[in-house]
file coords-v1.cif (mmCIF, C-alpha atoms)
data_upload
#
loop_
_atom_site.label_atom_id
_atom_site.label_comp_id
_atom_site.auth_asym_id
_atom_site.auth_seq_id
_atom_site.Cartn_x
_atom_site.Cartn_y
_atom_site.Cartn_z
CA MET O 1 46.36 1.55 -7.86
CA LEU O 2 43.42 3.64 -6.67
CA GLU O 3 41.05 1.42 -8.63
CA GLU O 4 42.26 -1.66 -6.75
CA TRP O 5 41.76 0.06 -3.38
CA LEU O 6 38.27 1.17 -4.34
CA LEU O 7 37.42 -2.33 -5.49
CA LEU O 8 38.71 -3.78 -2.20
CA ALA O 9 36.71 -1.25 -0.18
CA HIS O 10 33.56 -1.95 -2.18
CA VAL O 11 33.83 -5.73 -1.90
CA THR O 12 34.68 -5.48 1.81
CA GLY O 13 31.65 -3.26 2.39
CA ALA O 14 29.39 -5.76 0.63
CA ALA O 15 30.81 -8.59 2.75
CA VAL O 16 30.29 -6.58 5.94
CA LEU O 17 26.69 -5.81 5.01
CA PHE O 18 25.91 -9.42 4.25
CA GLY O 19 27.88 -10.93 7.14
CA THR O 20 26.68 -8.49 9.79
CA GLY O 21 23.08 -8.87 8.68
CA ALA O 22 23.26 -12.65 8.76
CA GLY O 23 25.03 -12.67 12.13
CA ILE O 24 22.60 -10.24 13.71
CA ALA O 25 19.63 -12.25 12.49
CA PHE O 26 21.09 -15.50 13.83
CA PHE O 27 21.88 -14.21 17.33
CA MET O 28 18.55 -12.38 17.64
CA VAL O 29 16.60 -15.51 16.71
CA MET O 30 18.60 -17.69 19.11
CA ALA O 31 18.13 -15.18 21.95
CA HIS O 32 14.40 -14.91 21.24
CA ARG O 33 13.99 -18.68 21.47
CA THR O 34 15.08 -18.61 25.13
CA ARG O 35 12.24 -16.24 26.11
CA ASP O 36 14.65 -14.87 28.72
CA PRO O 37 14.18 -11.08 28.96
CA ALA O 38 17.64 -10.44 30.41
CA LEU O 39 19.41 -12.45 27.71
CA ILE O 40 17.30 -10.91 24.95
CA ALA O 41 18.00 -7.43 26.29
CA HIS O 42 21.74 -8.10 26.31
CA VAL O 43 21.80 -9.59 22.80
CA ALA O 44 19.52 -6.89 21.36
CA GLY O 45 21.74 -4.20 22.86
CA THR O 46 24.79 -5.74 21.20
CA VAL O 47 22.88 -6.03 17.92
CA VAL O 48 21.99 -2.33 17.99
CA ILE O 49 25.66 -1.43 18.51
CA ALA O 50 26.78 -3.77 15.71
CA ASP O 51 24.21 -2.28 13.34
CA THR O 52 25.46 1.22 14.13
CA VAL O 53 29.17 0.44 13.84
CA PHE O 54 29.21 -1.98 10.93
CA THR O 55 25.95 -1.98 8.97
CA ALA O 56 25.30 1.76 8.97
CA THR O 57 28.91 2.59 8.09
CA SER O 58 28.99 0.12 5.22
CA ALA O 59 25.57 1.23 3.98
CA ILE O 60 26.82 4.81 3.69
CA LEU O 61 30.17 3.96 2.11
CA GLN O 62 28.88 1.41 -0.42
CA PRO O 63 27.24 3.93 -2.79
CA VAL O 64 30.27 6.21 -2.55
CA THR O 65 32.83 3.53 -3.40
CA GLY O 66 30.53 2.07 -6.05
CA TYR O 67 30.09 5.43 -7.77
CA LEU O 68 33.81 6.22 -7.73
CA LEU O 69 34.65 2.74 -8.99
CA ALA O 70 32.13 2.98 -11.83
CA ARG O 71 33.48 6.39 -12.86
CA MET O 72 37.07 5.16 -12.82
CA ILE O 73 36.37 1.98 -14.80
CA GLY O 74 34.02 3.73 -17.22
CA TRP O 75 30.73 2.04 -16.37
CA ASP O 76 27.55 3.97 -17.01
CA LEU O 77 25.28 4.07 -13.97
CA SER O 78 22.32 3.46 -16.29
CA GLU O 79 23.65 0.06 -17.36
CA GLY O 80 21.17 -2.73 -16.69
CA TRP O 81 22.93 -4.60 -13.89
CA ILE O 82 23.96 -1.37 -12.12
CA ALA O 83 20.45 0.11 -12.33
CA LEU O 84 18.96 -3.10 -10.95
CA SER O 85 21.58 -3.19 -8.18
CA LEU O 86 20.65 0.35 -7.15
CA LEU O 87 16.96 -0.60 -7.12
CA LEU O 88 17.66 -3.61 -4.90
CA TYR O 89 19.81 -1.42 -2.65
CA VAL O 90 16.90 0.97 -2.14
CA ILE O 91 14.60 -1.96 -1.38
CA THR O 92 17.12 -3.23 1.19
CA GLY O 93 17.19 0.17 2.86
CA LEU O 94 13.40 0.41 2.98
CA PHE O 95 13.26 -2.83 4.95
CA TRP O 96 16.43 -2.28 7.00
CA LEU O 97 15.53 1.13 8.45
CA PRO O 98 12.35 -0.11 10.19
CA VAL O 99 14.28 -3.15 11.43
CA VAL O 100 16.78 -0.87 13.20
CA TRP O 101 13.97 0.89 15.04
CA ILE O 102 12.30 -2.44 15.87
CA GLN O 103 15.55 -3.80 17.34
CA ILE O 104 15.81 -0.78 19.62
CA ARG O 105 12.20 -1.29 20.74
CA LEU O 106 12.81 -5.01 21.34
CA ARG O 107 15.83 -4.15 23.45
CA ASP O 108 13.89 -1.61 25.53
CA LEU O 109 10.91 -3.93 26.05
CA ALA O 110 13.20 -6.78 27.11
CA ARG O 111 15.10 -4.50 29.48
CA ALA O 112 11.86 -3.33 31.07
CA ALA O 113 10.67 -6.92 31.47
CA ALA O 114 13.98 -7.99 32.97
CA ALA O 115 14.01 -5.04 35.39
CA SER O 116 10.51 -5.83 36.61
CA ALA O 117 11.12 -9.60 36.64
CA SER O 118 8.09 -10.11 34.41
CA ALA O 119 7.42 -11.95 31.18
CA LEU O 120 7.88 -10.37 27.80
CA PRO O 121 4.86 -8.23 26.86
CA PRO O 122 2.63 -8.96 23.83
CA ALA O 123 4.04 -5.87 22.08
CA TYR O 124 7.44 -7.55 22.04
CA PHE O 125 6.13 -10.60 20.16
CA SER O 126 4.21 -8.44 17.67
CA LEU O 127 7.31 -6.40 16.88
CA TYR O 128 9.44 -9.53 16.67
CA ARG O 129 7.17 -11.01 14.00
CA VAL O 130 7.48 -7.84 11.93
CA TRP O 131 11.26 -7.85 12.41
CA PHE O 132 11.45 -11.49 11.34
CA ALA O 133 9.29 -10.92 8.24
CA PHE O 134 11.22 -7.82 7.13
CA GLY O 135 14.49 -9.71 7.25
CA PHE O 136 13.66 -11.98 4.30
CA PRO O 137 13.24 -9.37 1.50
CA ALA O 138 16.25 -7.41 2.72
CA PHE O 139 18.39 -10.55 2.87
CA LEU O 140 17.31 -11.71 -0.60
CA ALA O 141 17.91 -8.24 -2.04
CA VAL O 142 21.49 -8.24 -0.72
CA ILE O 143 22.07 -11.68 -2.27
CA GLY O 144 20.74 -10.33 -5.56
CA ILE O 145 23.13 -7.38 -5.38
CA LEU O 146 26.08 -9.69 -4.77
CA TRP O 147 25.07 -11.84 -7.75
CA LEU O 148 24.81 -8.80 -10.00
CA MET O 149 28.21 -7.54 -8.83
CA LEU O 150 29.88 -10.86 -9.63
CA THR O 151 28.19 -11.73 -12.93
CA LYS O 152 27.41 -8.28 -14.39
CA PRO O 153 24.70 -9.71 -16.70
CA SER O 154 23.24 -7.87 -19.65
CA ILE O 155 19.71 -6.78 -18.72
CA PRO O 156 18.19 -4.85 -21.66
CA TYR O 157 15.01 -3.91 -19.78
CA PHE O 158 16.98 -2.03 -17.13
CA ASN O 159 19.57 -0.64 -19.57
CA ILE O 160 18.20 2.88 -19.37
CA GLY O 161 21.14 4.58 -21.07
CA GLN O 162 21.09 2.29 -24.07
CA ARG O 163 17.32 2.61 -24.42
CA LEU O 164 17.51 6.40 -24.35
CA ALA O 165 20.36 6.41 -26.85
CA THR O 166 18.46 4.09 -29.18
CA ARG O 167 15.34 6.22 -28.92
CA SER O 168 17.31 9.40 -29.57
CA ALA O 169 19.02 7.82 -32.60
CA ALA O 170 15.63 6.71 -33.94
CA MET O 171 14.21 10.21 -33.53
CA VAL O 172 17.21 11.71 -35.33
CA MET O 173 16.80 9.27 -38.22
CA LEU O 174 13.07 9.98 -38.46
CA ASN O 175 13.70 13.72 -38.51
CA HIS O 176 16.38 13.25 -41.16
CA PHE O 177 14.13 11.15 -43.38
CA SER O 178 11.24 13.56 -42.92
CA ARG O 179 13.39 16.55 -43.82
CA THR O 180 14.91 14.71 -46.79
CA GLY O 181 11.47 13.69 -48.02
CA SER O 182 10.18 17.26 -47.77
CA GLU O 183 13.17 18.62 -49.67
CA SER O 184 12.82 16.02 -52.44
CA HIS O 185 9.10 16.74 -52.75
CA SER O 186 9.71 20.47 -53.02
CA LEU O 187 12.42 19.90 -55.62
CA SER O 188 10.15 17.67 -57.71
CA ALA O 189 7.36 20.26 -57.55
CA GLU O 190 9.59 23.08 -58.84
CA PRO O 191 9.73 23.35 -62.65
CA LYS O 192 13.03 22.58 -64.29
CA PRO O 193 14.87 25.29 -66.26
CA ALA O 194 13.99 23.69 -69.59
CA GLN O 195 10.35 23.62 -68.60
CA VAL O 196 10.45 27.26 -67.55
CA GLU O 197 12.01 28.21 -70.88
CA THR O 198 9.40 26.26 -72.84
CA LEU O 199 6.57 27.79 -70.88
CA GLY O 200 8.02 31.24 -71.48
CA THR O 201 8.27 30.61 -75.22
CA LEU O 202 4.69 29.40 -75.41
CA THR O 203 3.45 32.37 -73.44
CA THR O 204 5.31 34.80 -75.72
CA ALA O 205 4.03 33.02 -78.81
CA LYS O 206 0.45 33.28 -77.62
CA ALA O 207 0.80 36.93 -76.77
CA ARG O 208 2.44 37.91 -80.13
CA PRO O 209 -0.13 38.62 -82.94
CA THR O 210 0.33 36.78 -86.19
CA MET O 211 -0.06 38.15 -89.75
CA SER O 212 -3.30 36.26 -90.22
CA THR O 213 -4.70 37.84 -87.11
CA LEU O 214 -3.72 41.36 -88.30
CA THR O 215 -5.21 40.91 -91.75
CA ARG O 216 -8.45 39.84 -90.16
#
call {"tool": "encode", "arguments": {"input": "coords-v1.cif", "output": "structure tokens"}}
result
Amino acid sequence: MLEEWLLLAHVTGAAVLFGTGAGIAFFMVMAHRTRDPALIAHVAGTVVIADTVFTATSAILQPVTGYLLARMIGWDLSEGWIALSLLLYVITGLFWLPVVWIQIRLRDLARAAAASASALPPAYFSLYRVWFAFGFPAFLAVIGILWLMLTKPSIPYFNIGQRLATRSAAMVMLNHFSRTGSESHSLSAEPKPAQVETLGTLTTAKARPTMSTLTR
């Protein structure tokens, strides 16, 4: 039962991240197209609140529910599709965090322009271009995460656990063969009991004087 609830929470969090991000981007672009400082200030203020309530909450809970779900099902976090999902999640965060700050700055610049009844300053347009550019890699990374969650493909290059296990098994086999080869070489170099006995007999025979030697 707990597994089903964790799965629901994880899928809901992914949907909130994707849906909120797409909605925020749409309304910010539409407000920017009006070039109206008051409207942009209002929309940007709502966007900042939505990012705090929905996006930030989901971004914190997603790793927690994902980890608990993987532990309960028995998935290794080093599996290929999970490792790649975590990498894409980090990439999303690296682009999302600056976007949050930029949205706050856009809101403040628009508010200042609306209060002074002036046009939007050049700094607003520079920040907007950065905000717009940063949205694409973050959006594509989230789509990639959703695809990995649904398909769970086998990705050998990112399967860190399997690669480490294979390497460890290979090292154990090499050590075993090396130790076995050393033992067999040492055994083949040691004289056998029959050889030791023969060598002892020959040594005794050489050391014992014969009658012909005594008569000489």
call {"tool": "residues_near_point", "arguments": {"input": "coords-v1.cif", "point": "(33.9, 4.1, -10.8)", "cutoff": "12 Å", "atoms": "all atoms listed in the file", "output": "PDB file with C-alpha atoms, in the frame of the given file"}}
result
ATOM      1  CA  LEU O   2      43.420   3.640  -6.670  1.00  0.00           C
ATOM      2  CA  GLU O   3      41.050   1.420  -8.630  1.00  0.00           C
ATOM      3  CA  GLU O   4      42.260  -1.660  -6.750  1.00  0.00           C
ATOM      4  CA  TRP O   5      41.760   0.060  -3.380  1.00  0.00           C
ATOM      5  CA  LEU O   6      38.270   1.170  -4.340  1.00  0.00           C
ATOM      6  CA  LEU O   7      37.420  -2.330  -5.490  1.00  0.00           C
ATOM      7  CA  HIS O  10      33.560  -1.950  -2.180  1.00  0.00           C
ATOM      8  CA  GLN O  62      28.880   1.410  -0.420  1.00  0.00           C
ATOM      9  CA  PRO O  63      27.240   3.930  -2.790  1.00  0.00           C
ATOM     10  CA  VAL O  64      30.270   6.210  -2.550  1.00  0.00           C
ATOM     11  CA  THR O  65      32.830   3.530  -3.400  1.00  0.00           C
ATOM     12  CA  GLY O  66      30.530   2.070  -6.050  1.00  0.00           C
ATOM     13  CA  TYR O  67      30.090   5.430  -7.770  1.00  0.00           C
ATOM     14  CA  LEU O  68      33.810   6.220  -7.730  1.00  0.00           C
ATOM     15  CA  LEU O  69      34.650   2.740  -8.990  1.00  0.00           C
ATOM     16  CA  ALA O  70      32.130   2.980 -11.830  1.00  0.00           C
ATOM     17  CA  ARG O  71      33.480   6.390 -12.860  1.00  0.00           C
ATOM     18  CA  MET O  72      37.070   5.160 -12.820  1.00  0.00           C
ATOM     19  CA  ILE O  73      36.370   1.980 -14.800  1.00  0.00           C
ATOM     20  CA  GLY O  74      34.020   3.730 -17.220  1.00  0.00           C
ATOM     21  CA  TRP O  75      30.730   2.040 -16.370  1.00  0.00           C
ATOM     22  CA  ASP O  76      27.550   3.970 -17.010  1.00  0.00           C
ATOM     23  CA  LEU O  77      25.280   4.070 -13.970  1.00  0.00           C
ATOM     24  CA  ILE O  82      23.960  -1.370 -12.120  1.00  0.00           C
TER      25      ILE O  82
END
call {"tool": "resolve_selection", "arguments": {"input": "coords-v1.cif", "expression": "the PyMOL selection byres ((chain O and resi 89) around 12)", "output": "VMD selection string"}}
result
chain O and resid 14 17 59 to 60 62 to 63 66 82 to 88 90 to 96 137 to 146 148
call {"tool": "closest_residue", "arguments": {"input": "coords-v1.cif", "among": "O:Gln103, O:Ser118, O:Ser154, O:Ser58", "to": "Arg35 in chain O", "atoms": "all atoms listed in the file"}}
result
O:Ser118
call {"tool": "atom_distance", "arguments": {"input": "coords-v1.cif", "atom1": "CA of Thr55 in chain O", "atom2": "CA of Thr20 in chain O"}}
result
6.6 Å
call {"tool": "closest_residue", "arguments": {"input": "coords-v1.cif", "among": "O:Ala112, O:Gly135, O:Met1, O:Ile155", "to": "Ala22 in chain O", "atoms": "all atoms listed in the file"}}
result
O:Gly135
call {"tool": "residues_around", "arguments": {"input": "coords-v1.cif", "residues": "Ile104 in chain O", "least_positions_apart": "6", "cutoff": "12 Å", "atoms": "all atoms listed in the file", "output": "ChimeraX atom specification"}}
result
/O:40-49,51-52,97-98,110-111,124,127-128,131
call {"tool": "atom_distance", "arguments": {"input": "coords-v1.cif", "atom1": "CA of Pro121 in chain O", "atom2": "CA of Pro37 in chain O"}}
result
10.0 Å
call {"tool": "atom_distance", "arguments": {"input": "coords-v1.cif", "atom1": "CA of Phe136 in chain O", "atom2": "CA of Ala113 in chain O"}}
result
27.8 Å
